[in-house]
$ cat upload-v2.cif   # mmCIF, C-alpha atoms
data_entry
#
loop_
_atom_site.label_atom_id
_atom_site.label_comp_id
_atom_site.auth_asym_id
_atom_site.auth_seq_id
_atom_site.Cartn_x
_atom_site.Cartn_y
_atom_site.Cartn_z
CA MET A 117 100.76 81.25 100.84
CA LYS A 118 99.81 80.53 97.27
CA GLN A 119 96.43 79.66 95.76
CA THR A 120 95.07 79.17 92.26
CA ARG A 121 91.44 79.37 91.18
CA ILE A 122 89.65 79.55 87.87
CA LEU A 123 88.08 82.96 87.49
CA LEU A 124 87.19 84.98 84.39
CA GLY A 125 87.71 81.74 82.48
CA MET A 126 91.38 81.54 83.33
CA PRO A 127 93.65 80.41 86.15
CA VAL A 128 94.22 83.17 88.66
CA THR A 129 97.11 82.70 91.09
CA VAL A 130 97.88 84.79 94.13
CA GLU A 131 101.01 84.27 96.19
CA VAL A 132 101.83 86.28 99.29
CA VAL A 133 105.17 85.57 100.95
CA ASP A 134 105.05 88.12 103.77
CA ALA A 135 105.44 86.23 107.04
CA VAL A 136 102.04 87.30 108.35
CA ALA A 137 100.34 85.54 105.42
CA ASN A 138 101.82 82.23 106.55
CA ASP A 139 99.15 82.22 109.22
CA LEU A 140 96.51 80.02 107.62
CA VAL A 141 93.57 82.10 108.80
CA ILE A 142 95.02 85.45 107.79
CA GLY A 143 96.46 84.09 104.54
CA ASN A 144 93.19 82.52 103.46
CA LEU A 145 91.20 85.56 104.47
CA VAL A 146 93.25 88.01 102.42
CA ILE A 147 93.60 85.75 99.39
CA ASP A 148 89.83 85.12 99.48
CA GLU A 149 89.28 88.85 99.35
CA VAL A 150 91.47 89.08 96.23
CA PHE A 151 89.59 86.23 94.55
CA ASP A 152 86.25 87.79 95.53
CA TYR A 153 87.28 90.91 93.68
CA PHE A 154 87.85 88.89 90.50
CA VAL A 155 84.39 87.33 90.95
CA TYR A 156 82.90 90.82 91.18
CA VAL A 157 84.73 91.88 87.99
CA ASP A 158 83.59 88.75 86.17
CA GLU A 159 79.93 89.32 87.15
CA LYS A 160 80.07 92.87 85.86
CA PHE A 161 82.23 92.68 82.74
CA SER A 162 81.91 89.19 81.30
CA THR A 163 80.37 89.20 77.83
CA TYR A 164 79.75 85.46 78.33
CA LYS A 165 77.34 86.12 81.18
CA ASP A 166 73.81 87.11 80.13
CA GLN A 167 73.14 89.15 83.23
CA SER A 168 76.45 90.96 83.45
CA GLU A 169 76.25 94.73 83.23
CA ILE A 170 78.22 94.77 79.96
CA SER A 171 75.83 92.25 78.37
CA ARG A 172 72.85 94.37 79.44
CA ILE A 173 74.50 97.50 78.03
CA ASN A 174 75.12 95.67 74.76
CA ARG A 175 71.43 94.69 74.61
CA GLY A 176 70.43 98.29 75.29
CA GLU A 177 68.86 97.44 78.64
CA ILE A 178 71.12 99.86 80.47
CA LYS A 179 71.95 103.27 79.07
CA PHE A 180 75.55 104.37 79.34
CA ASP A 181 74.58 107.29 81.59
CA ASP A 182 73.04 104.83 84.04
CA ALA A 183 76.05 102.53 84.06
CA SER A 184 78.07 101.90 87.22
CA GLU A 185 81.10 104.00 88.07
CA ASP A 186 83.44 101.10 87.31
CA MET A 187 81.83 100.61 83.89
CA LYS A 188 82.19 104.29 83.08
CA MET A 189 85.80 104.19 84.20
CA ILE A 190 86.56 101.18 81.96
CA PHE A 191 84.95 102.93 78.99
CA GLY A 192 87.07 105.99 79.70
CA LEU A 193 90.26 103.94 79.98
CA ALA A 194 89.43 102.05 76.79
CA GLU A 195 88.91 105.29 74.90
CA GLN A 196 92.16 106.70 76.27
CA THR A 197 94.02 103.56 75.18
CA ARG A 198 92.41 103.71 71.73
CA GLN A 199 93.76 107.23 71.27
CA GLU A 200 97.21 106.42 72.68
CA SER A 201 97.57 103.49 70.29
CA ASN A 202 96.38 105.38 67.21
CA GLY A 203 93.21 103.30 67.08
CA TYR A 204 94.86 99.88 67.33
CA PHE A 205 93.14 99.23 70.62
CA ASP A 206 89.38 99.23 70.16
CA VAL A 207 86.73 97.66 72.35
CA HIS A 208 84.08 98.02 69.64
CA HIS A 209 83.94 94.81 67.66
CA ASN A 210 81.21 93.30 65.47
CA GLY A 211 78.72 95.84 66.75
CA ILE A 212 79.18 95.02 70.42
CA ILE A 213 81.43 96.39 73.09
CA ASP A 214 83.90 93.92 74.56
CA PRO A 215 86.15 95.67 77.08
CA SER A 216 87.86 92.46 78.23
CA GLY A 217 91.13 93.69 76.67
CA ILE A 218 91.32 96.42 79.27
CA VAL A 219 89.38 94.85 82.13
CA LYS A 220 91.87 92.06 82.72
CA GLY A 221 94.92 94.23 83.43
CA TRP A 222 92.80 96.70 85.37
CA ALA A 223 91.38 93.91 87.55
CA ILE A 224 94.82 92.41 88.27
CA TYR A 225 96.14 95.85 89.19
CA ASN A 226 93.22 96.51 91.55
CA ALA A 227 93.56 93.05 93.08
CA ALA A 228 97.22 93.73 93.82
CA GLU A 229 96.22 97.08 95.29
CA ILE A 230 94.00 95.24 97.79
CA LEU A 231 97.12 93.48 99.07
CA ARG A 232 99.29 96.58 99.00
CA LYS A 233 96.73 98.61 100.97
CA LYS A 234 96.82 95.89 103.63
CA SER A 235 100.57 96.59 103.91
CA PHE A 236 101.67 93.40 102.18
CA GLU A 237 104.90 93.98 100.31
CA ASN A 238 105.99 90.70 98.77
CA PHE A 239 103.42 89.10 96.50
CA TYR A 240 102.19 88.63 92.97
CA VAL A 241 98.83 88.36 91.28
CA ASP A 242 98.77 86.37 88.02
CA ALA A 243 95.67 86.08 85.87
CA GLY A 244 96.12 84.03 82.73
CA GLY A 245 99.80 84.91 82.38
CA ASP A 246 99.52 88.63 83.09
CA ILE A 247 101.32 89.55 86.28
CA GLN A 248 101.62 92.28 88.89
CA ALA A 249 104.74 91.54 90.93
CA SER A 250 105.63 93.28 94.17
CA GLY A 251 108.71 93.02 96.38
CA LYS A 252 110.64 89.76 96.50
CA ASN A 253 109.94 86.03 96.30
CA SER A 254 110.26 83.53 99.16
CA GLN A 255 114.03 83.38 98.64
CA GLY A 256 114.28 87.14 99.05
CA GLU A 257 115.11 87.62 95.37
CA LYS A 258 113.26 89.44 92.64
CA TRP A 259 110.42 87.47 91.11
CA ARG A 260 111.50 85.12 88.33
CA VAL A 261 109.04 85.37 85.46
CA GLY A 262 109.36 82.92 82.59
CA ILE A 263 108.15 83.79 79.10
CA ARG A 264 106.32 80.79 77.70
CA SER A 265 107.25 79.50 74.26
CA PRO A 266 104.43 79.96 71.76
CA PHE A 267 105.59 76.70 70.16
CA ASN A 268 105.64 74.51 73.24
CA MET A 269 103.42 75.08 76.25
CA ASP A 270 105.93 73.39 78.56
CA GLU A 271 108.89 75.46 77.48
CA ILE A 272 110.26 78.72 78.87
CA VAL A 273 112.29 80.78 76.40
CA LYS A 274 113.31 83.71 78.61
CA ILE A 275 113.59 84.30 82.32
CA LEU A 276 112.98 87.78 83.67
CA SER A 277 113.89 89.11 87.08
CA VAL A 278 111.36 91.73 88.12
CA THR A 279 109.97 93.63 91.07
CA ASP A 280 107.27 96.27 91.49
CA CYS A 281 106.14 96.21 87.90
CA GLY A 282 103.73 94.52 85.53
CA VAL A 283 104.38 91.85 82.91
CA ALA A 284 101.80 90.95 80.27
CA THR A 285 101.88 88.76 77.19
CA SER A 286 99.58 88.95 74.22
CA GLY A 287 99.57 86.10 71.77
CA THR A 288 97.63 84.02 69.34
CA TYR A 289 99.00 80.59 70.07
CA ALA A 290 96.81 79.44 72.89
CA ARG A 291 93.24 80.44 72.23
CA GLY A 292 93.37 80.94 68.52
CA GLN A 293 92.98 84.45 67.16
CA HIS A 294 91.63 86.32 70.13
CA ILE A 295 93.27 89.59 69.21
CA TYR A 296 91.98 91.25 66.08
CA ASN A 297 93.34 94.14 64.10
CA PRO A 298 90.63 96.81 64.31
CA LYS A 299 92.04 98.53 61.23
CA ASN A 300 91.80 95.39 59.15
CA ASP A 301 89.00 93.40 60.69
CA GLY A 302 88.78 89.80 59.68
CA GLU A 303 92.43 89.46 58.88
CA ASP A 304 94.29 87.25 61.30
CA ILE A 305 97.54 88.25 62.86
CA THR A 306 99.83 85.37 61.98
CA ASP A 307 103.28 86.86 61.52
CA ILE A 308 104.01 87.26 65.21
CA LEU A 309 102.97 84.80 67.86
CA SER A 310 103.73 86.42 71.17
CA LEU A 311 104.52 89.87 72.55
CA THR A 312 105.56 90.28 76.17
CA VAL A 313 105.58 93.77 77.65
CA ILE A 314 107.16 94.91 80.92
CA GLY A 315 105.64 98.13 82.22
CA PRO A 316 105.24 100.21 85.38
CA ASP A 317 102.23 98.10 86.33
CA VAL A 318 100.17 95.27 84.86
CA TYR A 319 97.36 97.54 83.69
CA GLU A 320 99.77 99.58 81.57
CA ALA A 321 101.69 96.51 80.37
CA ASP A 322 98.51 94.63 79.41
CA ARG A 323 96.77 97.36 77.47
CA PHE A 324 99.88 98.25 75.48
CA ALA A 325 100.74 94.58 74.89
CA THR A 326 97.26 94.10 73.42
CA ALA A 327 97.44 97.26 71.31
CA ALA A 328 100.99 96.60 70.10
CA PHE A 329 100.22 92.99 69.21
CA ALA A 330 97.40 94.18 66.96
CA MET A 331 99.97 96.24 65.04
CA GLY A 332 101.82 93.12 63.91
CA ARG A 333 105.57 93.48 63.42
CA ALA A 334 105.41 97.24 64.01
CA GLY A 335 104.18 96.58 67.54
CA ILE A 336 107.70 96.20 68.94
CA ASP A 337 108.62 99.61 67.47
CA PHE A 338 105.61 101.06 69.25
CA ILE A 339 106.87 99.62 72.56
CA GLU A 340 110.42 100.85 71.83
CA PHE A 341 109.15 104.41 71.59
CA LEU A 342 106.96 104.11 74.69
CA PRO A 343 108.87 105.54 77.68
CA GLY A 344 109.02 103.15 80.63
CA PHE A 345 108.12 100.03 78.66
CA GLU A 346 110.18 97.14 77.28
CA GLY A 347 109.07 94.33 75.01
CA TYR A 348 110.00 90.87 73.71
CA MET A 349 108.31 89.74 70.49
CA ILE A 350 108.44 86.19 69.12
CA ASP A 351 107.63 85.58 65.45
CA LYS A 352 106.62 82.50 63.49
CA ASP A 353 110.27 81.79 62.57
CA LYS A 354 111.23 81.44 66.24
CA GLN A 355 113.06 84.76 66.10
CA ALA A 356 112.71 87.15 69.00
CA THR A 357 112.97 90.92 68.67
CA TYR A 358 113.44 92.96 71.82
CA THR A 359 113.66 96.60 72.85
CA THR A 360 116.78 98.53 73.88
CA GLY A 361 116.26 98.30 77.63
CA PHE A 362 114.82 94.79 77.76
CA ALA A 363 118.11 93.08 78.61
CA ARG A 364 118.28 94.65 82.05
CA TYR A 365 115.30 92.53 83.12
CA VAL A 366 116.77 89.27 81.82
CA LEU A 367 118.02 86.92 84.50
CA ASN A 368 121.55 85.81 83.71
CA ALA A 369 121.51 82.29 85.06
CA MET B 279 168.57 100.89 74.88
CA PRO B 280 167.50 103.28 72.12
CA ARG B 281 164.92 104.93 74.32
CA SER B 282 167.55 106.12 76.83
CA ARG B 283 169.70 107.78 74.18
CA SER B 284 169.03 111.40 73.50
CA ASN B 285 171.11 112.34 70.43
CA SER B 286 169.53 114.59 67.85
CA THR B 287 169.73 112.04 64.97
CA PHE B 288 167.51 109.67 66.82
CA ASN B 289 165.04 112.40 67.66
CA PHE B 290 165.08 113.58 64.09
CA SER B 291 164.28 110.10 62.72
CA GLN B 292 161.61 109.74 65.36
CA GLY B 293 160.24 113.08 64.24
CA ILE B 294 160.12 111.95 60.60
CA ARG B 295 158.39 108.74 61.56
CA LYS B 296 155.97 110.64 63.70
CA PHE B 297 155.35 113.04 60.86
CA PHE B 298 154.46 110.20 58.51
CA LEU B 299 152.33 108.55 61.15
CA SER B 300 150.56 111.85 61.81
CA ALA B 301 150.13 112.43 58.08
CA PHE B 302 148.63 108.98 57.68
CA VAL B 303 146.24 109.43 60.60
CA VAL B 304 145.26 112.90 59.38
CA PHE B 305 144.65 111.56 55.91
CA ALA B 306 142.50 108.72 57.23
CA PHE B 307 140.74 111.17 59.46
CA ALA B 308 140.06 113.59 56.61
CA ALA B 309 138.83 110.79 54.37
CA TYR B 310 136.45 109.67 57.07
CA ALA B 311 135.29 113.24 57.68
CA ILE B 312 134.52 113.71 53.98
CA HIS B 313 132.66 110.43 54.00
CA GLU B 314 130.69 111.54 57.03
CA ARG B 315 129.91 114.90 55.48
CA LEU B 316 128.03 113.18 52.70
CA THR B 317 125.43 112.01 55.18
CA SER B 318 125.63 114.67 57.89
CA SER B 319 124.34 118.21 57.66
CA ASN B 320 126.28 119.68 60.52
CA GLY B 321 129.66 117.97 60.74
CA ASP B 322 132.31 119.57 62.88
CA PRO B 323 135.33 120.41 60.69
CA SER B 324 137.46 121.70 63.57
CA SER B 325 138.30 118.25 64.89
CA ALA B 326 139.67 117.21 61.50
CA SER B 327 141.84 120.31 61.10
CA ALA B 328 142.95 120.19 64.73
CA ALA B 329 144.89 116.97 64.24
CA PRO B 330 147.69 118.28 61.95
CA ALA B 331 148.03 121.45 64.02
CA SER B 332 148.63 119.60 67.27
CA GLY B 333 150.88 117.01 65.60
CA SER B 334 153.24 119.50 63.91
CA GLY B 335 153.10 121.83 66.89
CA GLN B 336 154.55 119.25 69.21
CA SER B 337 157.42 118.25 66.95
CA ALA B 338 158.33 121.86 66.15
CA SER B 339 158.19 123.31 69.61
CA ASP B 340 159.84 120.45 71.46
CA PRO B 341 162.04 118.39 69.14
CA ALA B 342 164.60 117.40 71.77
CA SER B 343 162.22 116.11 74.38
CA ASN B 344 162.08 112.34 74.44
CA SER B 345 158.90 112.30 76.45
CA SER B 346 157.00 114.38 73.94
CA VAL B 347 158.21 112.13 71.12
CA GLN B 348 156.93 109.13 73.01
CA GLN B 349 153.71 110.91 73.74
CA ALA B 350 152.88 111.98 70.21
CA PRO B 351 152.14 108.55 68.71
CA ALA B 352 150.01 107.77 71.75
CA SER B 353 147.85 110.85 71.26
CA ASN B 354 147.59 110.15 67.54
CA SER B 355 146.53 106.57 68.08
CA SER B 356 143.91 107.67 70.57
CA SER B 357 142.47 110.13 68.08
CA SER B 358 142.48 107.48 65.36
CA SER B 359 140.52 105.16 67.66
CA GLN B 360 137.88 107.89 67.95
CA VAL B 361 137.38 107.95 64.20
CA SER B 362 134.35 105.71 64.55
CA TYR B 363 132.56 108.37 66.65
CA LYS B 364 133.76 111.84 65.77
CA ASN B 365 132.70 114.83 67.82
CA GLY B 366 129.92 116.79 66.21
CA THR B 367 126.22 116.74 65.51
CA TYR B 368 124.83 114.31 62.99
CA SER B 369 121.37 113.93 61.52
CA GLY B 370 120.04 110.60 60.35
CA PRO B 371 117.74 110.07 57.38
CA ASP B 372 113.98 110.09 57.68
CA VAL B 373 112.97 106.60 58.75
CA ASN B 374 109.46 105.43 58.15
CA VAL B 375 108.08 103.72 61.25
CA PHE B 376 104.53 102.52 61.34
CA TYR B 377 103.06 105.78 62.59
CA GLY B 378 105.05 108.23 60.53
CA LEU B 379 108.52 109.52 59.82
CA VAL B 380 111.23 109.65 62.43
CA LYS B 381 114.41 111.65 62.01
CA VAL B 382 116.96 111.85 64.79
CA GLN B 383 120.01 113.96 65.44
CA ALA B 384 122.88 112.58 67.52
CA THR B 385 125.44 114.72 69.30
CA ILE B 386 128.87 113.18 69.87
CA GLN B 387 131.12 114.41 72.65
CA ASN B 388 134.44 112.78 73.52
CA GLY B 389 133.68 110.04 71.05
CA LYS B 390 130.44 109.05 72.78
CA ILE B 391 126.81 109.77 72.06
CA SER B 392 125.89 112.51 74.51
CA SER B 393 122.36 113.10 73.36
CA VAL B 394 119.82 112.07 70.75
CA GLN B 395 117.22 114.54 69.58
CA PHE B 396 114.14 113.91 67.51
CA LEU B 397 113.91 116.33 64.59
CA ASP B 398 110.89 114.65 63.09
CA TYR B 399 108.40 112.77 65.13
CA PRO B 400 105.22 110.99 64.00
CA SER B 401 101.73 112.46 63.53
CA ASP B 402 103.17 115.06 61.16
CA ARG B 403 104.33 117.11 64.07
CA ARG B 404 107.70 118.72 64.12
CA THR B 405 108.54 118.31 67.74
CA SER B 406 111.95 118.49 69.26
CA GLN B 407 112.04 115.96 72.01
CA GLN B 408 115.27 115.79 73.91
CA ILE B 409 116.10 112.35 75.12
CA ASN B 410 118.93 111.92 77.54
CA SER B 411 120.35 108.68 76.40
CA ILE B 412 123.74 107.13 75.95
CA ALA B 413 122.47 104.90 73.18
CA MET B 414 120.16 105.45 70.28
CA PRO B 415 117.00 103.39 70.37
CA TYR B 416 117.35 100.22 68.40
CA LEU B 417 115.92 96.74 68.44
CA GLN B 418 117.90 93.55 68.85
CA GLN B 419 117.19 90.03 67.65
CA GLU B 420 117.95 86.51 68.77
CA ALA B 421 116.71 82.99 68.13
CA ILE B 422 114.56 81.80 71.02
CA GLN B 423 116.12 79.14 73.23
CA ALA B 424 114.70 76.86 75.87
CA GLN B 425 115.59 77.91 79.42
CA SER B 426 115.37 76.18 82.76
CA SER B 427 111.88 76.05 84.19
CA ASN B 428 113.06 77.32 87.56
CA VAL B 429 110.66 80.28 87.68
CA ASP B 430 108.08 81.69 90.10
CA ILE B 431 105.52 82.75 87.52
CA ILE B 432 104.92 82.18 83.81
CA SER B 433 103.81 84.89 81.40
CA GLY B 434 102.10 83.78 78.24
CA ALA B 435 98.97 84.18 76.22
CA THR B 436 95.86 82.87 77.90
CA LEU B 437 95.79 79.11 77.97
CA THR B 438 93.40 76.82 76.17
CA SER B 439 91.16 74.65 78.30
CA GLU B 440 93.42 71.70 77.56
CA GLY B 441 96.71 73.28 78.49
CA PHE B 442 94.85 75.11 81.16
CA GLN B 443 93.92 71.86 82.92
CA MET B 444 97.46 70.57 82.68
CA SER B 445 98.86 73.80 83.99
CA LEU B 446 96.22 74.01 86.68
CA GLN B 447 97.06 70.55 87.95
CA SER B 448 100.70 71.43 88.33
CA ALA B 449 99.81 74.80 89.79
CA LEU B 450 97.55 73.22 92.37
CA ALA B 451 100.18 70.61 93.12
CA SER B 452 102.64 73.33 93.97
CA ALA B 453 100.09 75.45 95.81
CA HIS B 454 100.82 75.68 99.48
#
$ encode --input "upload-v2.cif" --output "structure tokens"
Amino acid sequence: MKQTRILLGMPVTVEVVDAVANDLVIGNLVIDEVFDYFVYVDEKFSTYKDQSEISRINRGEIKFDDASEDMKMIFGLAEQTRQESNGYFDVHHNGIIDPSGIVKGWAIYNAAEILRKKSFENFYVDAGGDIQASGKNSQGEKWRVGIRSPFNMDEIVKILSVTDCGVATSGTYARGQHIYNPKNDGEDITDILSLTVIGPDVYEADRFATAAFAMGRAGIDFIEFLPGFEGYMIDKDKQATYTTGFARYVLNA
Amino acid sequence: MPRSRSNSTFNFSQGIRKFFLSAFVVFAFAAYAIHERLTSSNGDPSSASAAPASGSGQSASDPASNSSVQQAPASNSSSSSQVSYKNGTYSGPDVNVFYGLVKVQATIQNGKISSVQFLDYPSDRRTSQQINSIAMPYLQQEAIQAQSSNVDIISGATLTSEGFQMSLQSALASAH
């Protein structure tokens, strides 16, 4: 069973191929639970929602010490990522805190955990192109993940074959400059257009894709030196640069 | 057939030819070793000096044996094919990556990279991180090329509302 909804301002798709999910009632029930989790995350962390907890923290209505456990955890994870990326990942921007760069991957990971804890084995959760993939697809093969061309929305430029890992892409092509370089605020990142990272899970892949993209061309070096991660970077000249172990994920059609 | 004959003249001429072949390989080997020394701090000289010893040793100790004569060029050619990766320990130059200097040391065994060690690692630390790897880390490049769209999922930067609608329509169409 596969369903797509718009949540957190992006399409969220959940597909579960385990036989038990083919039962309409069970399938709908479990996928609803996954979507409900995204609704919860959106209510709490969206900076576009006036009454979200993050908006109230930013207005000073809630002190950090009084924040929810999830909020404190996100702040902790954001700080950890800032340190691990030498400051290239920073949720502090223009005087407000916007943790969306870490919330997205974290939410996808937790959503997939809902399925895993219910003993589902073959599924994926995709939110806006960031993916947690588990087990096999409906043909019993590893999940085929296409990397979208930053030059043409309808074009795939690489096909990956993955299982039990996370895939996340950071880029500037779709929503304009939504990733900023915290060390050089105001300057757009234009040299590279897209950076796809494969990691042990989508949370790890997403946060390091975001941090590495902010580094510009050096981002792919950062991924190269990160144990357990591979990356595929596309620049403005339609050249791709990829890490040493990336090729083992490429589907040879 | 010449190979079945075993008179001493033939063996002697084979020995001379082998000697010149050995000398040539040793010379090439030595030239390469000197070249390598210019960039390596800890080159292994024994492998370069071992080649003439084993070459002359075989022809001196066993001049009448056809099999050893046939064997010698084979062993020489195999050692010349290893010239590209000579046994030893080699240090690279300091390379400036975005977060600092990186200097690596590669150990070659049997003509293959057996380990790569970091002598210098970023953040001004002098760590020695052993990495079990058969290849040194390096990046590769290619021009992007359109692939088939036969995929389960698409990874890309978050869509605009426009592309989002288009994608959503197709996603919903395939939802089942």
$ closest_residue --input "upload-v2.cif" --among "B:Ala309, B:Val304, B:Ala424, B:Ile386" --to "chain A" --atoms "all atoms listed in the file"
B:Ala424
$ closest_residue --input "upload-v2.cif" --among "B:Phe298, B:Asn428, B:Gly366, B:Ser433" --to "chain A" --atoms "all atoms listed in the file"
B:Ser433
$ resolve_selection --input "upload-v2.cif" --expression "the PyMOL selection byres ((chain A and resi 169) around 10)" --output "PyMOL selection string"
chain A and resi 158-163+165-168+170-175+177-178+183-184+187
$ resolve_selection --input "upload-v2.cif" --expression "the PyMOL selection byres ((chain A and resi 275) around 12)" --output "JSON, numbers by chain"
{"A": [258, 259, 260, 261, 262, 263, 264, 265, 271, 272, 273, 274, 276, 277, 278, 283, 312, 348, 362, 363, 364, 365, 366, 367, 368, 369], "B": [422, 423, 424, 425, 426, 427, 428, 429, 430, 431, 432, 433]}
$ residues_around --input "upload-v2.cif" --residues "Leu417 of chain B" --least-positions-apart "5" --cutoff "7 Å" --atoms "all atoms listed in the file" --output "count of residues only"
4
$ closest_residue --input "upload-v2.cif" --among "A:Phe341, A:Trp222, A:Tyr319, A:Tyr164" --to "chain B" --atoms "only C-alpha atoms"
A:Phe341
$ residues_around --input "upload-v2.cif" --residues "segment 190-194 of chain A" --least-positions-apart "6" --cutoff "9 Å" --atoms "all atoms listed in the file" --output "CSV table (one decimal) with C-alpha atoms, keeping the file's coordinate frame"
chain,number,residue,atom,x,y,z
A,205,PHE,CA,93.1,99.2,70.6
A,206,ASP,CA,89.4,99.2,70.2
A,207,VAL,CA,86.7,97.7,72.4
A,215,PRO,CA,86.2,95.7,77.1
A,217,GLY,CA,91.1,93.7,76.7
A,218,ILE,CA,91.3,96.4,79.3
A,219,VAL,CA,89.4,94.8,82.1
A,222,TRP,CA,92.8,96.7,85.4
A,323,ARG,CA,96.8,97.4,77.5
$ atom_distance --input "upload-v2.cif" --atom1 "atom CA of Gly434 of chain B" --atom2 "atom CA of Lys220 of chain A"
13.9 Å
$ resolve_selection --input "upload-v2.cif" --expression "the PyMOL selection byres ((chain A and resi 149-154) around 10)" --output "ChimeraX atom specification"
/A:119-124,128-130,144-148,155-160,220,223-224,226-231,241,243
$ atom_distance --input "upload-v2.cif" --atom1 "atom CA of Glu257 of chain A" --atom2 "atom CA of Pro316 of chain A"
18.9 Å
$ atom_distance --input "upload-v2.cif" --atom1 "atom CA of Ile247 of chain A" --atom2 "atom CA of Ile212 of chain A"
27.8 Å
$ decode --input "upload-v2.cif" --residues "segment 138-144 of chain A" --atoms "all heavy atoms" --output "compact mmCIF listing (two decimals), in the first residue's frame"
# COMPACT_ATOMS: atom_id res chain seq x y z
N ASN A 138 -1.41 -5.15 2.78
CA ASN A 138 -2.33 -5.15 1.64
C ASN A 138 -3.78 -5.17 2.09
O ASN A 138 -4.68 -4.81 1.35
CB ASN A 138 -2.06 -6.38 0.74
CG ASN A 138 -0.74 -6.21 -0.01
OD1 ASN A 138 -0.30 -5.09 -0.24
ND2 ASN A 138 -0.13 -7.32 -0.38
N ASP A 139 -4.01 -5.60 3.32
CA ASP A 139 -5.33 -5.49 3.90
C ASP A 139 -5.66 -4.01 4.04
O ASP A 139 -4.93 -3.26 4.69
CB ASP A 139 -5.34 -6.17 5.28
CG ASP A 139 -6.71 -6.14 5.92
OD1 ASP A 139 -7.17 -5.02 6.28
OD2 ASP A 139 -7.30 -7.20 6.08
N LEU A 140 -6.73 -3.59 3.40
CA LEU A 140 -7.06 -2.16 3.33
C LEU A 140 -7.16 -1.52 4.71
O LEU A 140 -6.66 -0.43 4.95
CB LEU A 140 -8.37 -1.95 2.57
CG LEU A 140 -8.23 -1.76 1.05
CD1 LEU A 140 -9.59 -1.52 0.43
CD2 LEU A 140 -7.29 -0.60 0.75
N VAL A 141 -7.82 -2.23 5.63
CA VAL A 141 -8.04 -1.65 6.96
C VAL A 141 -6.71 -1.51 7.70
O VAL A 141 -6.36 -0.43 8.19
CB VAL A 141 -9.01 -2.54 7.78
CG1 VAL A 141 -9.17 -1.98 9.18
CG2 VAL A 141 -10.36 -2.63 7.08
N ILE A 142 -5.94 -2.57 7.71
CA ILE A 142 -4.64 -2.53 8.42
C ILE A 142 -3.71 -1.53 7.74
O ILE A 142 -3.08 -0.71 8.41
CB ILE A 142 -4.00 -3.94 8.45
CG1 ILE A 142 -4.85 -4.89 9.29
CG2 ILE A 142 -2.57 -3.86 9.00
CD1 ILE A 142 -4.39 -6.33 9.25
N GLY A 143 -3.64 -1.60 6.41
CA GLY A 143 -2.75 -0.70 5.67
C GLY A 143 -3.06 0.75 5.93
O GLY A 143 -2.17 1.56 6.24
N ASN A 144 -4.34 1.10 5.85
CA ASN A 144 -4.74 2.50 6.09
C ASN A 144 -4.47 2.92 7.52
O ASN A 144 -4.03 4.05 7.77
CB ASN A 144 -6.24 2.68 5.77
CG ASN A 144 -6.46 2.87 4.28
OD1 ASN A 144 -5.70 3.58 3.63
ND2 ASN A 144 -7.47 2.21 3.75
